[in-house]
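Structure below is entry14.txt: compact mmCIF, C-alpha atoms.
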```
# COMPACT_ATOMS: atom_id res chain seq x y z
CA MET A 1 35.40 90.00 123.84
CA GLY A 2 33.96 88.37 126.96
CA ASP A 3 35.81 86.41 129.64
CA VAL A 4 35.08 83.13 127.86
CA GLY A 5 36.49 84.50 124.62
CA VAL A 6 39.67 85.71 126.32
CA TRP A 7 40.07 82.35 128.05
CA ARG A 8 39.67 80.50 124.74
CA MET A 9 42.25 82.75 123.08
CA LEU A 10 44.75 82.15 125.87
CA VAL A 11 44.22 78.39 125.65
CA TRP A 12 44.64 78.55 121.87
CA MET A 13 47.86 80.51 122.22
CA MET A 14 49.23 78.02 124.76
CA VAL A 15 48.37 75.07 122.54
CA ALA A 16 49.86 76.79 119.50
CA GLY A 17 53.06 77.46 121.47
CA VAL A 18 53.35 73.84 122.56
CA VAL A 19 52.77 72.59 119.00
CA ALA A 20 55.35 75.03 117.61
CA ALA A 21 57.88 73.99 120.24
CA GLN A 22 57.30 70.31 119.47
CA THR A 23 57.80 71.04 115.78
CA VAL A 24 61.16 72.61 116.64
CA ARG A 25 62.12 69.63 118.83
CA ASP A 26 61.49 67.31 115.87
CA LYS A 27 64.18 69.12 113.87
CA PRO A 28 67.86 68.13 114.03
CA PRO A 29 69.95 69.78 116.76
CA CYS A 30 71.65 73.06 115.90
CA LYS A 31 75.32 72.93 115.00
CA PHE A 32 76.70 75.96 116.77
CA PRO A 33 80.31 76.50 115.67
CA ALA A 34 80.91 79.10 118.36
CA LEU A 35 79.56 80.57 121.58
CA TYR A 36 79.72 84.23 122.64
CA ASN A 37 78.81 85.11 126.22
CA PHE A 38 78.03 88.41 127.90
CA GLY A 39 77.53 88.70 131.63
CA ASP A 40 78.86 89.11 135.16
CA SER A 41 80.61 86.83 137.67
CA ASN A 42 77.96 84.16 137.22
CA SER A 43 79.49 83.43 133.80
CA ASP A 44 82.98 85.03 133.92
CA THR A 45 85.63 82.46 132.96
CA GLY A 46 88.64 84.66 133.67
CA GLY A 47 87.97 88.20 132.51
CA ILE A 48 88.10 90.05 135.82
CA SER A 49 91.08 87.93 136.92
CA ALA A 50 92.94 89.01 133.79
CA ALA A 51 92.07 92.68 134.24
CA PHE A 52 92.63 92.91 137.99
CA GLN A 53 93.84 90.67 140.81
CA PRO A 54 93.49 86.94 140.04
CA ILE A 55 90.88 84.94 141.93
CA PRO A 56 92.80 82.82 144.49
CA TRP A 57 92.75 79.25 145.75
CA PRO A 58 90.54 77.41 146.78
CA TYR A 59 88.45 78.73 143.87
CA GLY A 60 88.62 76.08 141.13
CA GLN A 61 89.54 73.24 143.47
CA THR A 62 86.80 70.79 142.50
CA PHE A 63 87.06 70.57 138.72
CA PHE A 64 90.07 72.51 137.45
CA LYS A 65 92.20 71.68 140.53
CA LYS A 66 93.53 75.25 140.47
CA PRO A 67 92.12 78.79 140.24
CA SER A 68 90.57 79.20 136.79
CA GLY A 69 89.26 82.75 136.92
CA ARG A 70 85.81 81.47 137.90
CA ASP A 71 83.92 82.46 141.04
CA SER A 72 83.19 78.88 142.03
CA ASP A 73 84.88 75.68 143.11
CA GLY A 74 84.46 74.39 139.55
CA ARG A 75 82.39 74.87 136.44
CA LEU A 76 79.86 77.61 135.86
CA LEU A 77 76.58 77.41 134.00
CA VAL A 78 78.29 78.77 130.87
CA ASP A 79 80.73 75.84 131.01
CA PHE A 80 77.83 73.39 131.07
CA ILE A 81 76.29 75.29 128.14
CA ALA A 82 79.51 74.78 126.17
CA GLU A 83 79.46 71.08 126.99
CA GLN A 84 75.80 70.77 126.03
CA VAL A 85 76.31 72.27 122.56
CA GLY A 86 79.55 70.36 121.99
CA LEU A 87 82.08 73.17 122.31
CA PRO A 88 85.23 73.61 124.44
CA TYR A 89 85.12 75.94 127.43
CA LEU A 90 85.31 79.63 126.56
CA SER A 91 88.43 81.72 126.95
CA ALA A 92 87.94 85.14 128.46
CA TYR A 93 88.33 87.91 125.88
CA LEU A 94 90.60 89.83 128.28
CA ASN A 95 92.91 86.86 128.85
CA SER A 96 96.03 87.44 126.79
CA LEU A 97 97.85 84.15 127.43
CA GLY A 98 96.76 80.65 126.49
CA ALA A 99 93.47 81.78 124.95
CA ASN A 100 91.76 79.94 122.12
CA PHE A 101 89.01 81.87 120.35
CA SER A 102 88.33 79.43 117.53
CA HIS A 103 85.03 78.42 119.14
CA GLY A 104 83.98 81.78 120.59
CA ALA A 105 84.85 84.15 123.40
CA ASN A 106 83.60 85.22 126.80
CA PHE A 107 83.14 88.96 127.34
CA ALA A 108 81.65 88.60 130.84
CA THR A 109 83.47 89.98 133.86
CA GLY A 110 82.75 89.70 137.55
CA GLY A 111 80.89 92.75 138.84
CA SER A 112 79.50 93.77 135.45
CA THR A 113 76.21 95.60 135.10
CA ILE A 114 73.92 96.26 132.16
CA ARG A 115 73.81 99.98 132.86
CA ARG A 116 77.14 101.76 133.29
CA GLU A 117 77.64 102.75 136.93
CA ASN A 118 79.60 105.68 138.32
CA GLU A 119 81.68 103.49 140.65
CA THR A 120 85.03 101.74 140.56
CA ILE A 121 85.73 98.12 141.27
CA PHE A 122 87.74 99.20 144.32
CA GLN A 123 84.67 100.77 145.94
CA ASN A 124 81.93 98.16 145.71
CA GLY A 125 83.27 95.57 143.27
CA ILE A 126 81.48 96.97 140.22
CA SER A 127 83.33 96.14 137.00
CA PRO A 128 84.21 98.87 134.49
CA PHE A 129 83.17 96.41 131.77
CA SER A 130 79.42 97.04 131.67
CA LEU A 131 77.33 95.46 128.91
CA ASP A 132 77.89 98.34 126.48
CA VAL A 133 81.66 97.96 126.94
CA GLN A 134 81.38 94.20 126.43
CA ILE A 135 79.59 94.94 123.15
CA TRP A 136 82.46 97.27 122.16
CA HIS A 137 84.85 94.43 122.91
CA TYR A 138 82.81 92.10 120.74
CA ASP A 139 82.76 94.60 117.86
CA GLN A 140 86.53 94.99 118.03
CA PHE A 141 87.01 91.23 118.31
CA LYS A 142 84.87 90.60 115.26
CA SER A 143 86.48 93.38 113.22
CA ARG A 144 90.02 92.26 114.02
CA THR A 145 89.11 88.65 113.28
CA HIS A 146 88.01 89.66 109.78
CA ASP A 147 91.23 91.62 109.31
CA MET A 148 93.54 88.91 110.59
CA TYR A 149 91.96 85.66 109.45
CA SER A 150 92.75 85.97 105.76
CA GLY A 151 96.19 87.40 106.42
CA VAL A 152 97.73 84.98 108.91
CA LYS A 153 100.14 82.47 107.43
CA SER A 154 100.78 80.33 110.48
CA THR A 155 98.52 77.31 110.85
CA PHE A 156 98.62 77.71 114.62
CA GLU A 157 97.59 81.37 114.48
CA LYS A 158 94.61 80.52 112.30
CA SER A 159 93.66 77.61 114.59
CA VAL A 160 93.04 79.91 117.57
CA LEU A 161 90.98 82.44 115.59
CA PRO A 162 87.26 82.07 114.85
CA ASN A 163 86.19 81.60 111.25
CA PRO A 164 84.56 84.92 110.24
CA GLU A 165 81.67 82.95 108.75
CA ASP A 166 80.84 81.51 112.18
CA PHE A 167 79.72 84.75 113.81
CA SER A 168 76.24 84.56 112.28
CA LYS A 169 75.90 80.85 113.15
CA ALA A 170 77.03 81.15 116.78
CA LEU A 171 74.95 81.05 119.96
CA TYR A 172 74.90 84.32 121.91
CA THR A 173 74.25 83.91 125.64
CA PHE A 174 73.46 86.47 128.35
CA ASP A 175 73.53 86.23 132.14
CA ILE A 176 73.56 89.76 133.53
CA GLY A 177 71.43 92.12 135.60
CA GLN A 178 71.99 90.93 139.16
CA ASN A 179 74.57 93.64 139.89
CA ASP A 180 72.26 96.36 138.56
CA LEU A 181 69.80 95.36 141.27
CA SER A 182 72.58 95.16 143.85
CA VAL A 183 73.62 98.73 143.08
CA GLY A 184 69.99 99.81 143.25
CA PHE A 185 69.50 98.29 146.69
CA ARG A 186 72.48 100.28 147.95
CA THR A 187 71.73 103.62 146.33
CA MET A 188 67.98 103.93 145.67
CA ASN A 189 64.61 103.46 147.26
CA ASP A 190 62.15 100.95 145.78
CA ALA A 191 60.30 103.49 143.65
CA GLN A 192 63.54 104.81 142.14
CA LEU A 193 64.82 101.32 141.38
CA ARG A 194 61.56 100.28 139.73
CA THR A 195 61.83 103.31 137.46
CA THR A 196 65.50 102.56 136.76
CA ILE A 197 64.71 98.98 135.73
CA ILE A 198 62.94 100.39 132.67
CA ASP A 199 66.21 101.99 131.52
CA ILE A 200 68.29 98.92 132.44
CA VAL A 201 66.10 96.63 130.33
CA SER A 202 66.06 99.17 127.50
CA GLN A 203 69.86 99.13 127.41
CA PHE A 204 69.80 95.34 127.33
CA SER A 205 67.47 95.45 124.32
CA THR A 206 69.81 97.90 122.59
CA ALA A 207 72.70 95.46 123.04
CA VAL A 208 70.74 92.54 121.56
CA GLN A 209 69.56 94.64 118.63
CA HIS A 210 73.13 95.76 117.94
CA LEU A 211 74.37 92.18 117.85
CA TYR A 212 71.51 91.29 115.52
CA GLU A 213 72.51 94.12 113.19
CA GLN A 214 76.03 92.67 113.24
CA GLY A 215 74.69 89.30 112.07
CA ALA A 216 73.88 87.43 115.30
CA ARG A 217 70.72 85.33 115.10
CA SER A 218 70.54 82.86 118.01
CA PHE A 219 70.17 84.25 121.54
CA TRP A 220 69.84 82.45 124.90
CA VAL A 221 68.86 84.91 127.65
CA HIS A 222 68.93 84.05 131.35
CA ASN A 223 66.78 86.12 133.66
CA THR A 224 68.20 87.12 137.04
CA GLY A 225 68.09 84.89 140.09
CA PRO A 226 66.57 85.34 143.56
CA ILE A 227 69.14 87.84 144.81
CA GLY A 228 67.38 88.03 148.17
CA CYS A 229 68.35 84.41 148.83
CA LEU A 230 72.09 84.96 148.56
CA PRO A 231 73.74 84.32 151.94
CA VAL A 232 75.59 87.63 151.66
CA SER A 233 72.21 89.35 151.49
CA VAL A 234 70.89 87.82 154.71
CA MET A 235 73.94 87.03 156.84
CA TYR A 236 73.92 90.33 158.75
CA ILE A 237 70.19 90.29 159.46
CA THR A 238 69.65 89.36 163.10
CA GLN A 239 66.17 90.57 164.01
CA PRO A 240 64.04 90.87 160.88
CA GLN A 241 60.60 92.43 161.02
CA PRO A 242 57.64 90.08 160.40
CA GLY A 243 57.27 89.45 156.67
CA TYR A 244 60.76 90.73 155.82
CA LEU A 245 61.97 87.20 155.08
CA ASP A 246 60.06 84.52 153.22
CA GLN A 247 59.60 80.91 154.33
CA TYR A 248 63.08 79.97 153.05
CA GLY A 249 64.90 82.84 154.76
CA CYS A 250 65.18 85.05 151.66
CA ILE A 251 64.64 88.82 151.63
CA LYS A 252 61.20 89.06 150.12
CA GLY A 253 61.50 92.67 148.91
CA GLN A 254 64.71 91.97 147.01
CA ASN A 255 63.23 88.91 145.34
CA ASP A 256 60.13 90.89 144.42
CA MET A 257 62.38 93.41 142.68
CA ALA A 258 64.16 90.60 140.82
CA ILE A 259 60.75 89.28 139.71
CA GLU A 260 59.82 92.75 138.43
CA PHE A 261 63.12 92.98 136.53
CA ASN A 262 62.43 89.57 135.01
CA ARG A 263 58.89 90.55 134.04
CA GLN A 264 60.19 93.57 132.14
CA LEU A 265 63.04 91.55 130.63
CA LYS A 266 60.63 88.91 129.30
CA ASP A 267 58.42 91.63 127.86
CA ALA A 268 61.47 93.18 126.16
CA VAL A 269 62.43 89.80 124.67
CA GLN A 270 58.93 89.41 123.23
CA LYS A 271 59.18 92.86 121.65
CA LEU A 272 62.61 92.03 120.24
CA ARG A 273 61.19 88.89 118.61
CA ALA A 274 58.60 91.01 116.83
CA LYS A 275 61.20 93.59 115.83
CA LEU A 276 63.94 91.21 114.69
CA PRO A 277 62.31 88.84 112.18
CA GLU A 278 65.25 86.44 111.80
CA ALA A 279 66.19 86.23 115.48
CA ALA A 280 65.64 83.12 117.59
CA ILE A 281 65.54 84.47 121.15
CA THR A 282 65.02 82.07 124.04
CA TYR A 283 64.13 83.54 127.42
CA VAL A 284 65.21 81.25 130.27
CA ASP A 285 63.63 81.38 133.72
CA LEU A 286 66.79 80.80 135.73
CA TYR A 287 65.07 82.42 138.71
CA ALA A 288 62.66 79.47 138.85
CA ALA A 289 65.54 76.98 138.70
CA LYS A 290 67.50 78.69 141.47
CA TYR A 291 64.54 79.26 143.75
CA GLY A 292 63.48 75.69 143.06
CA LEU A 293 66.75 74.37 144.47
CA ILE A 294 66.54 76.67 147.48
CA SER A 295 63.02 75.44 148.25
CA LYS A 296 63.94 71.77 147.77
CA ALA A 297 67.46 71.79 149.23
CA LYS A 298 66.62 70.21 152.57
CA SER A 299 64.46 67.44 151.13
CA GLN A 300 67.09 66.59 148.51
CA GLY A 301 70.01 66.30 150.92
CA TRP A 302 71.69 69.65 150.36
CA ALA A 303 73.06 71.85 153.11
CA GLU A 304 70.95 74.77 154.26
CA PRO A 305 70.96 77.21 151.28
CA THR A 306 72.10 80.10 153.50
CA LYS A 307 75.18 78.13 154.60
CA ILE A 308 78.44 79.10 152.88
CA CYS A 309 80.98 76.46 151.84
CA CYS A 310 84.09 78.62 151.46
CA GLY A 311 85.15 81.27 153.97
CA TYR A 312 85.16 81.79 157.70
CA HIS A 313 81.76 82.97 158.90
CA GLU A 314 81.30 82.68 162.63
CA LYS A 315 80.00 84.85 165.45
CA ASP A 316 83.48 86.31 165.98
CA GLY A 317 83.90 87.56 162.42
CA HIS A 318 83.80 87.04 158.68
CA VAL A 319 86.74 86.22 156.40
CA TRP A 320 85.87 85.69 152.76
CA CYS A 321 86.83 82.71 150.63
CA GLY A 322 90.53 82.55 149.81
CA GLN A 323 91.41 85.49 152.05
CA LYS A 324 93.32 85.84 155.30
CA GLY A 325 91.82 88.03 157.97
CA LEU A 326 91.37 88.71 161.65
CA THR A 327 88.51 87.64 163.84
CA ASN A 328 87.03 90.07 166.35
CA ASN A 329 89.45 88.82 169.00
CA GLY A 330 92.50 89.31 166.76
CA THR A 331 93.06 85.70 165.63
CA THR A 332 94.31 85.28 162.06
CA VAL A 333 92.20 82.86 160.04
CA PHE A 334 92.03 81.71 156.41
CA GLY A 335 88.80 81.53 154.46
CA ALA A 336 89.07 77.84 153.57
CA ALA A 337 86.65 75.57 151.74
CA CYS A 338 84.29 73.11 153.38
CA SER A 339 84.91 69.36 153.13
CA HIS A 340 81.95 68.60 150.86
CA PRO A 341 81.21 71.44 148.42
CA GLU A 342 79.04 69.05 146.41
CA LEU A 343 76.42 69.33 149.18
CA PHE A 344 76.34 73.14 149.24
CA VAL A 345 74.29 75.54 147.14
CA SER A 346 76.46 78.56 147.96
CA TRP A 347 80.18 78.49 147.38
CA ASP A 348 81.31 81.85 148.80
CA GLY A 349 78.12 83.62 149.88
CA VAL A 350 77.57 85.25 146.49
CA HIS A 351 78.27 82.56 143.91
CA HIS A 352 77.16 78.97 143.54
CA THR A 353 79.07 75.72 143.79
CA GLU A 354 79.71 73.62 140.70
CA ALA A 355 77.16 71.12 142.04
CA ALA A 356 74.47 73.79 142.18
CA ASN A 357 75.40 75.10 138.73
CA HIS A 358 75.12 71.57 137.36
CA TRP A 359 71.69 71.22 139.00
CA PHE A 360 70.53 74.46 137.38
CA ALA A 361 71.83 73.27 134.00
CA ASN A 362 69.80 70.09 134.26
CA GLN A 363 66.68 72.15 134.94
CA ILE A 364 66.99 74.60 132.05
CA PHE A 365 68.64 72.77 129.16
CA ASN A 366 65.57 70.70 128.25
CA GLY A 367 63.47 73.81 127.65
CA SER A 368 60.97 73.24 130.45
CA LEU A 369 61.76 76.66 131.95
CA SER A 370 62.17 78.47 128.63
CA ASP A 371 60.00 80.67 126.44
CA PRO A 372 59.57 79.23 123.88
CA PRO A 373 59.89 75.80 125.57
CA ILE A 374 62.72 74.45 123.42
CA PRO A 375 66.01 72.85 124.53
CA ILE A 376 69.26 74.73 124.19
CA THR A 377 70.37 72.30 121.48
CA HIS A 378 67.57 73.73 119.30
CA ALA A 379 68.02 77.41 120.18
CA CYS A 380 68.84 78.32 116.56
CA TYR A 381 65.21 77.77 115.50
CA ARG A 382 62.71 80.58 115.66
CA SER A 383 59.52 79.20 117.17
```

Represent the supplied structure as structure tokens.
Amino acid sequence: MGDVGVWRMLVWMMVAGVVAAQTVRDKPPCKFPALYNFGDSNSDTGGISAAFQPIPWPYGQTFFKKPSGRDSDGRLLVDFIAEQVGLPYLSAYLNSLGANFSHGANFATGGSTIRRENETIFQNGISPFSLDVQIWHYDQFKSRTHDMYSGVKSTFEKSVLPNPEDFSKALYTFDIGQNDLSVGFRTMNDAQLRTTIIDIVSQFSTAVQHLYEQGARSFWVHNTGPIGCLPVSVMYITQPQPGYLDQYGCIKGQNDMAIEFNRQLKDAVQKLRAKLPEAAITYVDLYAAKYGLISKAKSQGWAEPTKICCGYHEKDGHVWCGQKGLTNNGTTVFGAACSHPELFVSWDGVHHTEAANHWFANQIFNGSLSDPPIPITHACYRS
């Protein structure tokens, strides 16, 4: 086939994809009875706080008015997902008090990776609840739900349990992979990490296939963001070599690795679609949304993306959000929040503000950054 033939085929495929997506959009919105999330701190609604030391004030100050187990001043992207599909916010699976699992559960924990790492959370903040462990938790949750649902006599007890029939109708969301890259940057050279990404993505595919075999059908998969743009990644860099940083002050090599991870993840999703005939799997380019805000921040009235809202970060030292610490000259300071978090992209140097999370939600929910290009409200349809 010549170049013209290849070009025509690509155009035909693009047109066919747009037509198929429009056909899906013309259908009624999905009625997801539940939401099950797997991920890291970008979507943890209280798991790591329940398992270890609770996340302190001023986390949660903007929306919940108290610490809520979230690494932000307010809502996370997963909270906006719940709102968009008409469900209450998710309780963390590990949270034993006040949890309501009638509409799903959140298995994400801060510091989680796809691939199990040989580290503890006390060393570098890596959670013991890697994706395979989160899948174990889901399996146990589902099995115990089946055992308990028909046997409970109390109306209240049944009201906080999911209906066993809802597992196959639920939306399954993923936001994980950033910490795998973080570990790689610390422990490997570029060539080793690129090779490791193959295994990381393979383990992700195994998790999705397992959930499918357990009856899951609708999947919403976020790719990883521009990790090289996180303030924590660049704050200690004082004299970068030419070309080390891009035009927005991000570490180019780290972002290139995130792009490679995303390329392999998208390829894996396409293979899963072919392998799982009843699965509706939506791949979401969250990287594009996040980098889009970083590139537009100044023109849209946001603070500099490398500026951190919560914490003490000055020339005489760094004290992280919600912590007390000493400056270089011995002065005790508290890592307090800024006056206007709604103007900041970064909340604590690693995680985003509620305002930024809301901005990302508005970019991705309509399907413009998704493959196939369908809104989250129609993610139950296979396009």

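We find CA of Pro67 (chain A) and CA of Val345 (chain A) to be spaced 19.4 Å apart.
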
What separates CA of Ala336 (chain A) and CA of Phe64 (chain A) is a distance of 17.0 Å

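The nearest approach to Ala303 (chain A) among the residues A:Met235, A:Val269, A:Ala356, A:Leu276, with all atoms listed in the file taken into account, belongs to A:Ala356.
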
Residue among A:Gly317, A:Gly367, A:Gly125, A:Gly335 lying closest to Pro56 (chain A), counting only C-alpha atoms: A:Gly335

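Here CA of Phe38 (chain A) is placed at a distance of 15.4 Å from CA of Gln214 (chain A).
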
Tell me which of A:Ala191, A:Ala337, A:Ala216, A:Leu369 sits closest to Gln61 (chain A), counting all atoms listed in the file. A:Ala337

Show which residues sit within 9 Å of region 94-97 of chain A, as a list in words. Count only C-alpha atoms, and ignore same-chain residues fewer than 2 positions away. Gly46, Gly47, Ile48, Ser49, Ala50, Ala51, Ser91, Ala92, Ala99, Asn106 and Phe107 of chain A

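Nearest-residue note for Val78 (chain A): choosing from A:Cys30, A:Leu286, A:Ala361, A:Leu272, the minimum distance belongs to A:Ala361, counting only C-alpha atoms.
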